[in-house]
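Here the structure is laid out as structure tokens; the discussion comes afterwards.
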Amino acid sequence: MGIVKCVGILTSGGDAPGMNAAIRAVTRAAIYNGLQVKGIYRGYRGLITDEIVEFKSQNVSNIIQLGGTILKTARCKEFTTPEGRKIAYEAMQRHGIDALVIIGGDGSLTGARIFAQEYNIPCIGLPGTIDNDLYGTDTTIGYDTALNTILDAVDKIRDTATSHDRLFFVEVMGRDAGFLALNGAIASGAEAAIIPEFSTEVDQLEEFIKSGFRKSKNSSIVIVAESELTGGAMHYAERVKNEYPQYDVRVTILGHLQRGGSPTAHDRILASRLGAAAIDAIMEDQRNVMIGIENDEIVYVPFSKAIKNDKPIKRELVNVLRALSI
Ligand code: F6P
């Protein structure tokens, strides 16, 4: 294995608050360890279109507090083809980049895994997604901020729900994972969460209605995880309108506002630790691993595990929500 002299860094897939803190950490830790850094713009697309610039310490000044990603991001179809990856590899050679740090979610790490295998390049992944759906890390960069954004929105929705005695279905992101919905429901004091993980097990709406939620409260908030498996908030609102016309139902889809905003302290610290650990991993000649944090310890998770394994959602959380929403 060759000695790494220059690290390329990119953000890919959906942006997440804390990505900038991670870019800063990787850049500064690399320079601290005597490595050169190249910033690659618009994810893998920037490797194909050659949008690559040298990063000095000043390039990452004053960004730790910013949402989004200064490197921009994209979902790049071309990189899923062998031809696209060949062009990307040639750009890396031209720029003297001999290792890559990829900050992104499931799809981005899948791309990294294939690229690393094809071209024998050391690739290190950092879990950057609001969905928290990567196996091998307790939380992902951006998840905590998105969760806090959900709380802020639900607190406001509760004011109007209470005033009108309404039942609100609030849809949150998460792709096919229910972490944002379930923990968002617990933290906002919502009456129920409908999540994809249990969609085939029980009729979650039926369970909620049967729990007799109207006995103690006139207004209710149900957080629904977006997903084909749940059908989304609209689906449940329609069902209630048809099956229980006595309820006054409204829907709020929080959408992309969950992806923005200044990262919380948790996400900034997580991103800083993971970013510095990515450079440690490169210095140790590690390759093709995602850096995670489990029980407050840095862990190296092989891409194959991080991507393939489903991150389990704790049943205990469902029980807590059930018990506390009576
Ligand atoms: O993976 C992050 C995420 O925000 C998901 O929660 C959501 O399903 C998806 O990205 C939305 O993607 P886009 O911004 O491309 O519409």
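Starting from 1 in every chain, residues are counted up; chains themselves are A, B, ... following the order of the structure tokens, and ligands are numbered from 1 as listed.
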
Please identify every residue of chain A that has at least one atom no farther than 12 Å from an atom of ligand 1, counting only C-alpha atoms and all ligand atoms, and for each give the shortest atom pair and the distance in Å to one decimal, arranged by chain then increasing number, as a tab-separated table.
residue	atom	partner	partner_atom_place_in_ligand_line	distance
A:Ser12	CA	ligand 1	1 (O)	10.3
A:Gly13	CA	ligand 1	1 (O)	7.0
A:Gly14	CA	ligand 1	2 (C)	4.8
A:Asp15	CA	ligand 1	2 (C)	7.2
A:Ala16	CA	ligand 1	2 (C)	7.7
A:Pro17	CA	ligand 1	4 (O)	11.1
A:Gly68	CA	ligand 1	14 (O)	11.8
A:Thr73	CA	ligand 1	15 (O)	10.3
A:Ala74	CA	ligand 1	15 (O)	8.5
A:Arg75	CA	ligand 1	15 (O)	7.5
A:Cys76	CA	ligand 1	15 (O)	11.0
A:Gly104	CA	ligand 1	1 (O)	8.8
A:Gly105	CA	ligand 1	1 (O)	6.7
A:Asp106	CA	ligand 1	1 (O)	8.1
A:Gly107	CA	ligand 1	1 (O)	8.9
A:Ser108	CA	ligand 1	1 (O)	10.3
A:Pro127	CA	ligand 1	1 (O)	11.1
A:Gly128	CA	ligand 1	1 (O)	9.0
A:Thr129	CA	ligand 1	2 (C)	5.7
A:Ile130	CA	ligand 1	2 (C)	5.8
A:Asp131	CA	ligand 1	6 (O)	5.4
A:Asn132	CA	ligand 1	1 (O)	8.9
A:Asp133	CA	ligand 1	1 (O)	8.8
A:Leu134	CA	ligand 1	1 (O)	10.7
A:Thr140	CA	ligand 1	1 (O)	11.2
A:Ile141	CA	ligand 1	2 (C)	11.3
A:Gly142	CA	ligand 1	2 (C)	9.7
A:Tyr143	CA	ligand 1	2 (C)	9.8
A:Ala146	CA	ligand 1	4 (O)	9.7
A:Leu147	CA	ligand 1	6 (O)	11.8
A:Glu171	CA	ligand 1	6 (O)	10.9
A:Val172	CA	ligand 1	6 (O)	7.9
A:Met173	CA	ligand 1	6 (O)	4.1
A:Gly174	CA	ligand 1	6 (O)	3.8
A:Arg175	CA	ligand 1	8 (O)	3.9
A:Asp176	CA	ligand 1	8 (O)	7.6
A:Ala177	CA	ligand 1	6 (O)	8.4
A:Gly178	CA	ligand 1	6 (O)	10.0
A:Phe179	CA	ligand 1	6 (O)	10.5
A:Leu180	CA	ligand 1	6 (O)	9.0
A:Ala181	CA	ligand 1	6 (O)	10.9
A:Ala225	CA	ligand 1	6 (O)	9.3
A:Glu226	CA	ligand 1	8 (O)	7.1
A:Ser227	CA	ligand 1	8 (O)	7.7
A:Glu228	CA	ligand 1	8 (O)	10.4
A:Gly232	CA	ligand 1	8 (O)	11.5
A:Leu254	CA	ligand 1	6 (O)	10.8
A:Gly255	CA	ligand 1	4 (O)	8.0
A:His256	CA	ligand 1	4 (O)	6.8
A:Leu257	CA	ligand 1	4 (O)	9.5
A:Gln258	CA	ligand 1	4 (O)	7.6
A:Arg259	CA	ligand 1	4 (O)	6.3
A:Gly260	CA	ligand 1	4 (O)	10.0

Same residues, N, CA and C atoms, saved as a compact mmCIF listing (two decimals), in the first residue's frame:
# COMPACT_ATOMS: atom_id res chain seq x y z
N SER A 12 -21.73 14.13 -0.52
CA SER A 12 -22.53 13.51 -1.57
C SER A 12 -23.92 13.14 -1.04
N GLY A 13 -24.90 13.09 -1.94
CA GLY A 13 -26.27 12.76 -1.54
C GLY A 13 -26.95 13.95 -0.87
N GLY A 14 -27.97 13.69 -0.08
CA GLY A 14 -28.69 14.78 0.60
C GLY A 14 -27.77 15.50 1.58
N ASP A 15 -27.82 16.83 1.59
CA ASP A 15 -26.97 17.55 2.55
C ASP A 15 -27.50 17.33 3.97
N ALA A 16 -26.65 17.59 4.94
CA ALA A 16 -27.05 17.40 6.34
C ALA A 16 -26.30 18.43 7.19
N PRO A 17 -26.99 19.04 8.17
CA PRO A 17 -26.30 20.02 9.02
C PRO A 17 -25.13 19.35 9.76
N GLY A 68 -25.96 23.11 5.45
CA GLY A 68 -25.62 22.83 4.05
C GLY A 68 -24.19 22.33 3.94
N THR A 73 -23.35 19.52 -3.11
CA THR A 73 -23.55 18.08 -3.15
C THR A 73 -24.43 17.73 -4.34
N ALA A 74 -24.45 16.46 -4.69
CA ALA A 74 -25.28 16.02 -5.81
C ALA A 74 -25.52 14.52 -5.68
N ARG A 75 -26.55 14.07 -6.35
CA ARG A 75 -26.74 12.61 -6.52
C ARG A 75 -26.33 12.35 -7.96
N CYS A 76 -25.20 11.67 -8.16
CA CYS A 76 -24.58 11.59 -9.49
C CYS A 76 -24.82 10.24 -10.16
N GLY A 104 -21.42 11.29 3.50
CA GLY A 104 -22.74 11.10 2.89
C GLY A 104 -23.47 9.93 3.51
N GLY A 105 -24.56 9.56 2.88
CA GLY A 105 -25.39 8.48 3.40
C GLY A 105 -25.13 7.16 2.68
N ASP A 106 -26.15 6.34 2.74
CA ASP A 106 -26.11 4.99 2.21
C ASP A 106 -25.63 4.90 0.74
N GLY A 107 -26.26 5.69 -0.13
CA GLY A 107 -25.94 5.66 -1.56
C GLY A 107 -24.51 6.11 -1.81
N SER A 108 -24.07 7.14 -1.06
CA SER A 108 -22.73 7.68 -1.26
C SER A 108 -21.67 6.66 -0.83
N PRO A 127 -20.49 9.16 8.15
CA PRO A 127 -21.95 9.08 8.04
C PRO A 127 -22.60 10.45 8.11
N GLY A 128 -23.00 10.97 6.98
CA GLY A 128 -23.63 12.30 6.92
C GLY A 128 -25.01 12.18 6.32
N THR A 129 -26.00 12.11 7.16
CA THR A 129 -27.39 12.06 6.71
C THR A 129 -28.32 12.35 7.88
N ILE A 130 -29.41 13.06 7.61
CA ILE A 130 -30.36 13.32 8.70
C ILE A 130 -31.13 12.05 9.06
N ASP A 131 -31.08 11.03 8.20
CA ASP A 131 -31.94 9.85 8.39
C ASP A 131 -31.48 8.93 9.53
N ASN A 132 -30.22 9.02 9.92
CA ASN A 132 -29.64 8.18 10.98
C ASN A 132 -29.73 6.69 10.65
N ASP A 133 -29.70 6.34 9.37
CA ASP A 133 -29.97 4.95 8.99
C ASP A 133 -28.72 4.15 8.66
N LEU A 134 -27.55 4.61 9.12
CA LEU A 134 -26.34 3.83 8.83
C LEU A 134 -25.97 2.96 10.01
N THR A 140 -25.85 9.74 13.19
CA THR A 140 -25.17 10.24 11.98
C THR A 140 -25.13 11.78 12.05
N ILE A 141 -24.20 12.34 11.30
CA ILE A 141 -24.06 13.81 11.28
C ILE A 141 -25.33 14.41 10.66
N GLY A 142 -25.99 15.29 11.37
CA GLY A 142 -27.18 15.96 10.86
C GLY A 142 -28.47 15.49 11.52
N TYR A 143 -28.43 14.30 12.08
CA TYR A 143 -29.65 13.72 12.66
C TYR A 143 -30.15 14.55 13.85
N ALA A 146 -31.71 17.84 12.74
CA ALA A 146 -33.02 17.63 12.11
C ALA A 146 -34.08 17.32 13.17
N LEU A 147 -33.69 16.53 14.15
CA LEU A 147 -34.61 16.18 15.23
C LEU A 147 -35.05 17.45 15.97
N GLU A 171 -45.80 14.82 8.78
CA GLU A 171 -44.89 13.90 8.08
C GLU A 171 -43.45 14.39 8.18
N VAL A 172 -42.56 13.48 8.56
CA VAL A 172 -41.14 13.83 8.65
C VAL A 172 -40.33 12.96 7.69
N MET A 173 -39.10 13.39 7.43
CA MET A 173 -38.23 12.65 6.51
C MET A 173 -37.64 11.41 7.19
N GLY A 174 -36.79 10.74 6.48
CA GLY A 174 -36.14 9.54 7.02
C GLY A 174 -35.98 8.44 5.99
N ARG A 175 -36.47 8.71 4.79
CA ARG A 175 -36.49 7.72 3.71
C ARG A 175 -37.21 6.47 4.19
N ASP A 176 -36.51 5.35 4.41
CA ASP A 176 -37.21 4.15 4.90
C ASP A 176 -36.89 3.86 6.35
N ALA A 177 -36.44 4.87 7.08
CA ALA A 177 -36.10 4.66 8.50
C ALA A 177 -36.99 5.54 9.38
N GLY A 178 -37.32 5.04 10.55
CA GLY A 178 -38.26 5.76 11.42
C GLY A 178 -37.62 6.47 12.60
N PHE A 179 -36.29 6.67 12.56
CA PHE A 179 -35.62 7.29 13.73
C PHE A 179 -36.12 8.71 13.99
N LEU A 180 -36.21 9.52 12.94
CA LEU A 180 -36.66 10.90 13.12
C LEU A 180 -38.10 10.92 13.63
N ALA A 181 -38.94 10.03 13.09
CA ALA A 181 -40.35 10.03 13.49
C ALA A 181 -40.52 9.56 14.93
N ALA A 225 -43.63 8.80 9.51
CA ALA A 225 -42.39 8.76 8.73
C ALA A 225 -42.73 8.66 7.25
N GLU A 226 -42.09 9.49 6.44
CA GLU A 226 -42.28 9.35 4.99
C GLU A 226 -41.75 7.98 4.60
N SER A 227 -42.39 7.33 3.69
CA SER A 227 -41.89 6.04 3.21
C SER A 227 -43.02 5.39 2.44
N GLU A 228 -42.65 4.62 1.42
CA GLU A 228 -43.69 3.88 0.71
C GLU A 228 -44.34 2.87 1.66
N GLY A 232 -47.23 7.57 4.09
CA GLY A 232 -47.15 9.02 4.34
C GLY A 232 -48.37 9.57 5.06
N LEU A 254 -43.31 18.37 6.74
CA LEU A 254 -42.21 19.29 7.09
C LEU A 254 -41.20 19.44 5.96
N GLY A 255 -40.96 18.39 5.19
CA GLY A 255 -40.12 18.49 4.00
C GLY A 255 -38.70 18.94 4.24
N HIS A 256 -38.19 19.71 3.28
CA HIS A 256 -36.75 20.00 3.28
C HIS A 256 -36.29 20.98 4.34
N LEU A 257 -37.21 21.59 5.06
CA LEU A 257 -36.71 22.47 6.13
C LEU A 257 -35.96 21.64 7.17
N GLN A 258 -36.25 20.34 7.20
CA GLN A 258 -35.53 19.45 8.13
C GLN A 258 -34.05 19.29 7.78
N ARG A 259 -33.69 19.65 6.56
CA ARG A 259 -32.30 19.45 6.14
C ARG A 259 -31.43 20.67 6.39
N GLY A 260 -32.06 21.81 6.72
CA GLY A 260 -31.28 23.04 6.85
C GLY A 260 -30.99 23.42 8.29

Per DSSP on the backbone, filter segment 108-266 of chain A down to the residues in alpha helix (DSSP H) and report them as an mmCIF file with N, CA and C atoms, in the first residue's frame.
data_model
loop_
_atom_site.group_PDB
_atom_site.id
_atom_site.type_symbol
_atom_site.label_atom_id
_atom_site.label_comp_id
_atom_site.auth_asym_id
_atom_site.auth_seq_id
_atom_site.Cartn_x
_atom_site.Cartn_y
_atom_site.Cartn_z
ATOM 1 N N SER A 108 -24.074 7.135 -1.061
ATOM 2 C CA SER A 108 -22.729 7.681 -1.256
ATOM 3 C C SER A 108 -21.667 6.664 -0.834
ATOM 4 N N LEU A 109 -21.925 5.964 0.252
ATOM 5 C CA LEU A 109 -20.944 4.964 0.712
ATOM 6 C C LEU A 109 -20.961 3.724 -0.189
ATOM 7 N N THR A 110 -22.109 3.442 -0.789
ATOM 8 C CA THR A 110 -22.166 2.335 -1.755
ATOM 9 C C THR A 110 -21.273 2.660 -2.950
ATOM 10 N N GLY A 111 -21.351 3.911 -3.418
ATOM 11 C CA GLY A 111 -20.497 4.354 -4.536
ATOM 12 C C GLY A 111 -19.029 4.246 -4.155
ATOM 13 N N ALA A 112 -18.708 4.650 -2.926
ATOM 14 C CA ALA A 112 -17.315 4.614 -2.459
ATOM 15 C C ALA A 112 -16.789 3.183 -2.421
ATOM 16 N N ARG A 113 -17.653 2.291 -1.997
ATOM 17 C CA ARG A 113 -17.239 0.891 -1.875
ATOM 18 C C ARG A 113 -16.872 0.299 -3.254
ATOM 19 N N ILE A 114 -17.698 0.578 -4.239
ATOM 20 C CA ILE A 114 -17.452 0.047 -5.595
ATOM 21 C C ILE A 114 -16.178 0.677 -6.171
ATOM 22 N N PHE A 115 -16.051 1.984 -6.009
ATOM 23 C CA PHE A 115 -14.904 2.729 -6.541
ATOM 24 C C PHE A 115 -13.602 2.210 -5.918
ATOM 25 N N ALA A 116 -13.634 2.006 -4.608
ATOM 26 C CA ALA A 116 -12.443 1.540 -3.887
ATOM 27 C C ALA A 116 -12.018 0.157 -4.378
ATOM 28 N N GLN A 117 -13.010 -0.686 -4.628
ATOM 29 C CA GLN A 117 -12.693 -2.041 -5.102
ATOM 30 C C GLN A 117 -12.115 -2.020 -6.506
ATOM 31 N N GLU A 118 -12.724 -1.207 -7.366
ATOM 32 C CA GLU A 118 -12.297 -1.163 -8.772
ATOM 33 C C GLU A 118 -10.887 -0.615 -8.937
ATOM 34 N N TYR A 119 -10.559 0.434 -8.149
ATOM 35 C CA TYR A 119 -9.298 1.137 -8.388
ATOM 36 C C TYR A 119 -8.304 1.062 -7.237
ATOM 37 N N TYR A 143 -28.433 14.296 12.079
ATOM 38 C CA TYR A 143 -29.648 13.718 12.657
ATOM 39 C C TYR A 143 -30.149 14.545 13.847
ATOM 40 N N ASP A 144 -29.247 14.908 14.739
ATOM 41 C CA ASP A 144 -29.667 15.633 15.940
ATOM 42 C C ASP A 144 -30.255 17.005 15.584
ATOM 43 N N THR A 145 -29.636 17.665 14.621
ATOM 44 C CA THR A 145 -30.150 18.982 14.213
ATOM 45 C C THR A 145 -31.545 18.839 13.606
ATOM 46 N N ALA A 146 -31.712 17.838 12.744
ATOM 47 C CA ALA A 146 -33.018 17.630 12.110
ATOM 48 C C ALA A 146 -34.080 17.316 13.168
ATOM 49 N N LEU A 147 -33.687 16.527 14.146
ATOM 50 C CA LEU A 147 -34.607 16.179 15.232
ATOM 51 C C LEU A 147 -35.053 17.446 15.968
ATOM 52 N N ASN A 148 -34.115 18.335 16.229
ATOM 53 C CA ASN A 148 -34.450 19.593 16.919
ATOM 54 C C ASN A 148 -35.329 20.501 16.058
ATOM 55 N N THR A 149 -35.112 20.445 14.751
ATOM 56 C CA THR A 149 -35.967 21.221 13.841
ATOM 57 C C THR A 149 -37.400 20.680 13.891
ATOM 58 N N ILE A 150 -37.513 19.366 13.952
ATOM 59 C CA ILE A 150 -38.844 18.738 14.043
ATOM 60 C C ILE A 150 -39.544 19.184 15.335
ATOM 61 N N LEU A 151 -38.801 19.195 16.425
ATOM 62 C CA LEU A 151 -39.389 19.602 17.715
ATOM 63 C C LEU A 151 -39.910 21.024 17.652
ATOM 64 N N ASP A 152 -39.112 21.893 17.076
ATOM 65 C CA ASP A 152 -39.498 23.298 16.970
ATOM 66 C C ASP A 152 -40.814 23.410 16.186
ATOM 67 N N ALA A 153 -40.897 22.661 15.085
ATOM 68 C CA ALA A 153 -42.105 22.730 14.244
ATOM 69 C C ALA A 153 -43.303 22.117 14.980
ATOM 70 N N VAL A 154 -43.102 20.984 15.620
ATOM 71 C CA VAL A 154 -44.234 20.311 16.271
ATOM 72 C C VAL A 154 -44.748 21.135 17.455
ATOM 73 N N ASP A 155 -43.835 21.781 18.177
ATOM 74 C CA ASP A 155 -44.270 22.655 19.282
ATOM 75 C C ASP A 155 -45.229 23.725 18.758
ATOM 76 N N LYS A 156 -44.921 24.246 17.586
ATOM 77 C CA LYS A 156 -45.780 25.300 17.014
ATOM 78 C C LYS A 156 -47.104 24.711 16.532
ATOM 79 N N ILE A 157 -47.025 23.562 15.904
ATOM 80 C CA ILE A 157 -48.259 22.921 15.407
ATOM 81 C C ILE A 157 -49.183 22.585 16.588
ATOM 82 N N ARG A 158 -48.577 22.234 17.710
ATOM 83 C CA ARG A 158 -49.399 21.871 18.869
ATOM 84 C C ARG A 158 -50.262 23.057 19.335
ATOM 85 N N ASP A 159 -49.714 24.257 19.245
ATOM 86 C CA ASP A 159 -50.490 25.435 19.647
ATOM 87 C C ASP A 159 -51.804 25.516 18.875
ATOM 88 N N THR A 160 -51.711 25.363 17.561
ATOM 89 C CA THR A 160 -52.931 25.494 16.749
ATOM 90 C C THR A 160 -53.797 24.238 16.866
ATOM 91 N N ALA A 161 -53.168 23.077 17.012
ATOM 92 C CA ALA A 161 -53.944 21.829 17.178
ATOM 93 C C ALA A 161 -54.804 21.917 18.437
ATOM 94 N N THR A 162 -54.218 22.437 19.508
ATOM 95 C CA THR A 162 -54.939 22.543 20.780
ATOM 96 C C THR A 162 -56.069 23.556 20.669
ATOM 97 N N SER A 163 -55.791 24.688 20.029
ATOM 98 C CA SER A 163 -56.814 25.732 19.918
ATOM 99 C C SER A 163 -58.046 25.242 19.170
ATOM 100 N N HIS A 164 -57.829 24.378 18.184
ATOM 101 C CA HIS A 164 -58.944 23.920 17.341
ATOM 102 C C HIS A 164 -59.428 22.507 17.658
ATOM 103 N N PHE A 179 -36.292 6.670 12.564
ATOM 104 C CA PHE A 179 -35.620 7.288 13.727
ATOM 105 C C PHE A 179 -36.123 8.707 13.989
ATOM 106 N N LEU A 180 -36.206 9.515 12.940
ATOM 107 C CA LEU A 180 -36.663 10.901 13.119
ATOM 108 C C LEU A 180 -38.099 10.918 13.634
ATOM 109 N N ALA A 181 -38.935 10.030 13.093
ATOM 110 C CA ALA A 181 -40.354 10.026 13.487
ATOM 111 C C ALA A 181 -40.518 9.558 14.933
ATOM 112 N N LEU A 182 -39.872 8.469 15.277
ATOM 113 C CA LEU A 182 -40.084 7.909 16.614
ATOM 114 C C LEU A 182 -39.475 8.790 17.706
ATOM 115 N N ASN A 183 -38.225 9.185 17.527
ATOM 116 C CA ASN A 183 -37.614 10.038 18.551
ATOM 117 C C ASN A 183 -38.198 11.449 18.517
ATOM 118 N N GLY A 184 -38.620 11.888 17.335
ATOM 119 C CA GLY A 184 -39.295 13.184 17.224
ATOM 120 C C GLY A 184 -40.605 13.155 18.003
ATOM 121 N N ALA A 185 -41.301 12.036 17.950
ATOM 122 C CA ALA A 185 -42.571 11.905 18.670
ATOM 123 C C ALA A 185 -42.333 11.889 20.181
ATOM 124 N N ILE A 186 -41.333 11.146 20.620
ATOM 125 C CA ILE A 186 -41.051 11.090 22.067
ATOM 126 C C ILE A 186 -40.681 12.489 22.571
ATOM 127 N N ALA A 187 -39.780 13.147 21.829
ATOM 128 C CA ALA A 187 -39.255 14.427 22.312
ATOM 129 C C ALA A 187 -40.279 15.554 22.229
ATOM 130 N N SER A 188 -41.246 15.450 21.325
ATOM 131 C CA SER A 188 -42.230 16.534 21.203
ATOM 132 C C SER A 188 -43.506 16.226 21.979
ATOM 133 N N GLN A 204 -50.844 0.577 12.497
ATOM 134 C CA GLN A 204 -50.465 1.548 13.524
ATOM 135 C C GLN A 204 -51.543 2.607 13.755
ATOM 136 N N LEU A 205 -52.305 2.926 12.706
ATOM 137 C CA LEU A 205 -53.383 3.908 12.876
ATOM 138 C C LEU A 205 -54.492 3.319 13.752
ATOM 139 N N GLU A 206 -54.860 2.087 13.421
ATOM 140 C CA GLU A 206 -55.903 1.388 14.166
ATOM 141 C C GLU A 206 -55.529 1.302 15.645
ATOM 142 N N GLU A 207 -54.267 0.983 15.866
ATOM 143 C CA GLU A 207 -53.763 0.861 17.240
ATOM 144 C C GLU A 207 -53.910 2.203 17.981
ATOM 145 N N PHE A 208 -53.581 3.272 17.282
ATOM 146 C CA PHE A 208 -53.657 4.616 17.875
ATOM 147 C C PHE A 208 -55.107 4.996 18.203
ATOM 148 N N ILE A 209 -55.995 4.754 17.239
ATOM 149 C CA ILE A 209 -57.407 5.119 17.446
ATOM 150 C C ILE A 209 -57.991 4.271 18.591
ATOM 151 N N LYS A 210 -57.656 2.967 18.551
ATOM 152 C CA LYS A 210 -58.210 2.051 19.565
ATOM 153 C C LYS A 210 -57.684 2.364 20.962
ATOM 154 N N GLY A 232 -47.233 7.573 4.093
ATOM 155 C CA GLY A 232 -47.152 9.020 4.339
ATOM 156 C C GLY A 232 -48.370 9.575 5.065
ATOM 157 N N ALA A 233 -48.257 10.828 5.485
ATOM 158 C CA ALA A 233 -49.280 11.470 6.322
ATOM 159 C C ALA A 233 -50.626 11.623 5.604
ATOM 160 N N MET A 234 -50.593 11.954 4.316
ATOM 161 C CA MET A 234 -51.833 12.152 3.548
ATOM 162 C C MET A 234 -52.692 10.896 3.574
ATOM 163 N N HIS A 235 -52.014 9.785 3.431
ATOM 164 C CA HIS A 235 -52.692 8.488 3.404
ATOM 165 C C HIS A 235 -53.499 8.279 4.689
ATOM 166 N N TYR A 236 -52.871 8.598 5.827
ATOM 167 C CA TYR A 236 -53.561 8.390 7.109
ATOM 168 C C TYR A 236 -54.673 9.413 7.319
ATOM 169 N N ALA A 237 -54.431 10.637 6.866
ATOM 170 C CA ALA A 237 -55.467 11.665 6.996
ATOM 171 C C ALA A 237 -56.706 11.255 6.198
ATOM 172 N N GLU A 238 -56.487 10.744 4.993
ATOM 173 C CA GLU A 238 -57.614 10.298 4.160
ATOM 174 C C GLU A 238 -58.369 9.169 4.846
ATOM 175 N N ARG A 239 -57.593 8.251 5.392
ATOM 176 C CA ARG A 239 -58.231 7.111 6.083
ATOM 177 C C ARG A 239 -59.105 7.584 7.238
ATOM 178 N N VAL A 240 -58.574 8.512 8.026
ATOM 179 C CA VAL A 240 -59.346 8.995 9.184
ATOM 180 C C VAL A 240 -60.597 9.736 8.705
ATOM 181 N N LYS A 241 -60.434 10.529 7.653
ATOM 182 C CA LYS A 241 -61.598 11.271 7.140
ATOM 183 C C LYS A 241 -62.713 10.307 6.735
ATOM 184 N N ASN A 242 -62.314 9.173 6.128
ATOM 185 C CA ASN A 242 -63.311 8.191 5.683
ATOM 186 C C ASN A 242 -63.861 7.355 6.827
ATOM 187 N N GLU A 243 -62.945 6.883 7.687
ATOM 188 C CA GLU A 243 -63.368 5.922 8.704
ATOM 189 C C GLU A 243 -63.868 6.572 9.995
ATOM 190 N N ALA A 265 -24.861 21.564 18.854
ATOM 191 C CA ALA A 265 -23.560 21.246 19.464
ATOM 192 C C ALA A 265 -23.229 19.771 19.252
ATOM 193 N N HIS A 266 -24.238 18.907 19.420
ATOM 194 C CA HIS A 266 -24.017 17.463 19.251
ATOM 195 C C HIS A 266 -23.460 17.167 17.856
#

Applying 7 Å and only C-alpha atoms, which residues near Arg250 of chain A remain after dropping the ones on its own chain fewer than 3 positions away? List them as a list in words. Leu167, Phe168 and Phe169 of chain A

Residue nearest Leu47 of chain A - candidates A:Ala99, A:Ile253, A:Ala88, A:Ala190, atoms counted: only C-alpha atoms: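 Of all the options, A:Ala88 lies closest to Leu47 of chain A.
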
Pick the closest to Thr81 of chain A from A:Val249, A:Ile48, A:Ala276, A:Val320: which is it, counting only C-alpha atoms? A:Ile48

Who sits within 10 Å of segment 281-285 of chain A, only C-alpha atoms, same chain under 3 positions skipped, as a JSON list (two decimals) with C-alpha atoms, in the first residue's frame:
[["chain", "number", "residue", "atom", "x", "y", "z"],
["A", 1, "MET", "CA", 0.00, 0.00, 0.00],
["A", 2, "GLY", "CA", 1.35, 3.43, -0.98],
["A", 3, "ILE", "CA", 1.84, 6.29, 1.42],
["A", 4, "VAL", "CA", -0.97, 8.83, 1.21],
["A", 5, "LYS", "CA", 0.14, 12.40, 0.52],
["A", 7, "VAL", "CA", -6.59, 13.53, 0.46],
["A", 30, "ALA", "CA", -5.08, 16.41, 7.34],
["A", 33, "ASN", "CA", -0.68, 15.64, 9.87],
["A", 35, "LEU", "CA", -1.14, 15.97, 4.17],
["A", 99, "ALA", "CA", -7.18, 8.83, -0.82],
["A", 100, "LEU", "CA", -10.78, 9.98, -0.54],
["A", 101, "VAL", "CA", -12.99, 11.01, 2.37],
["A", 122, "PRO", "CA", -8.26, 4.07, 0.15],
["A", 123, "CYS", "CA", -11.74, 5.45, 0.78],
["A", 124, "ILE", "CA", -12.97, 6.54, 4.20],
["A", 275, "GLY", "CA", -13.52, 14.10, 10.65],
["A", 276, "ALA", "CA", -10.35, 13.95, 12.74],
["A", 277, "ALA", "CA", -10.73, 10.17, 13.05],
["A", 278, "ALA", "CA", -10.98, 9.85, 9.25],
["A", 288, "ASN", "CA", -12.85, 1.19, 2.90],
["A", 289, "VAL", "CA", -14.36, 1.78, 6.30],
["A", 290, "MET", "CA", -16.95, 4.17, 7.63],
["A", 291, "ILE", "CA", -16.00, 5.98, 10.82],
["A", 300, "TYR", "CA", -14.22, 1.59, 12.05]]

Going by DSSP on the backbone, which bits of segment 55-176 of chain A are strand (DSSP E or B)? Write them as a PyMOL selection string, please. chain A and resi 99-104+123-128+141+167-172

Ranking A:Glu90, A:Asp98, A:Glu197, A:Glu297 by minimum distance to Thr49 of chain A and counting only C-alpha atoms, which one comes first? A:Glu90

For Ile40 of chain A, which residue out of A:Ile64, A:Met92, A:Leu321, A:Ala22 is the nearest one, using only C-alpha atoms?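 Using only C-alpha atoms, the shortest distance to Ile40 of chain A belongs to A:Met92.
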
Show me, as a tab-separated table (two decimals) with N, CA and C atoms, in the first residue's frame, the residues that have an atom within 12 Å of Asn62 of chain A when counting only C-alpha atoms, minus same-chain residues fewer than 5 positions from it.
chain	number	residue	atom	x	y	z
A	20	ASN	N	-20.45	20.76	7.06
A	20	ASN	CA	-19.37	21.75	7.02
A	20	ASN	C	-18.39	21.55	8.17
A	21	ALA	N	-18.92	21.21	9.33
A	21	ALA	CA	-18.04	20.94	10.47
A	21	ALA	C	-17.13	19.74	10.16
A	23	ILE	N	-16.19	18.81	7.04
A	23	ILE	CA	-15.22	19.26	6.02
A	23	ILE	C	-14.06	19.98	6.72
A	24	ARG	N	-14.43	20.83	7.66
A	24	ARG	CA	-13.41	21.59	8.41
A	24	ARG	C	-12.48	20.65	9.16
A	57	SER	N	-6.09	25.72	5.25
A	57	SER	CA	-6.82	25.88	6.51
A	57	SER	C	-7.87	27.00	6.42
A	67	GLY	N	-25.15	25.51	8.09
A	67	GLY	CA	-25.84	24.34	7.54
A	67	GLY	C	-25.43	24.14	6.09
A	70	ILE	N	-20.40	23.62	2.04
A	70	ILE	CA	-19.70	24.58	1.17
A	70	ILE	C	-19.17	23.88	-0.08

Between atom CA of Ile194 of chain A and atom CA of Val170 of chain A - distance in Å to one decimal: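 Atom CA of Val170 of chain A sits 10.1 Å away from atom CA of Ile194 of chain A.
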
May I ask which of the residues A:Cys6, A:Ile63, A:Ala91, A:Leu126 is the closest one to Pro302 of chain A, counting only C-alpha atoms? A:Leu126

I'd like the contact shell of Ile293 of chain A - 6 Å cut-off, only C-alpha atoms, skipping same-chain residues fewer than 3 positions apart - returned as a ChimeraX atom specification. /A:137-138,296-299

Given the choices A:Asn295, A:Ile223, A:Thr252, A:Phe198, which gets closest to Ile313 of chain A if the distance is worked out from only C-alpha atoms? A:Phe198
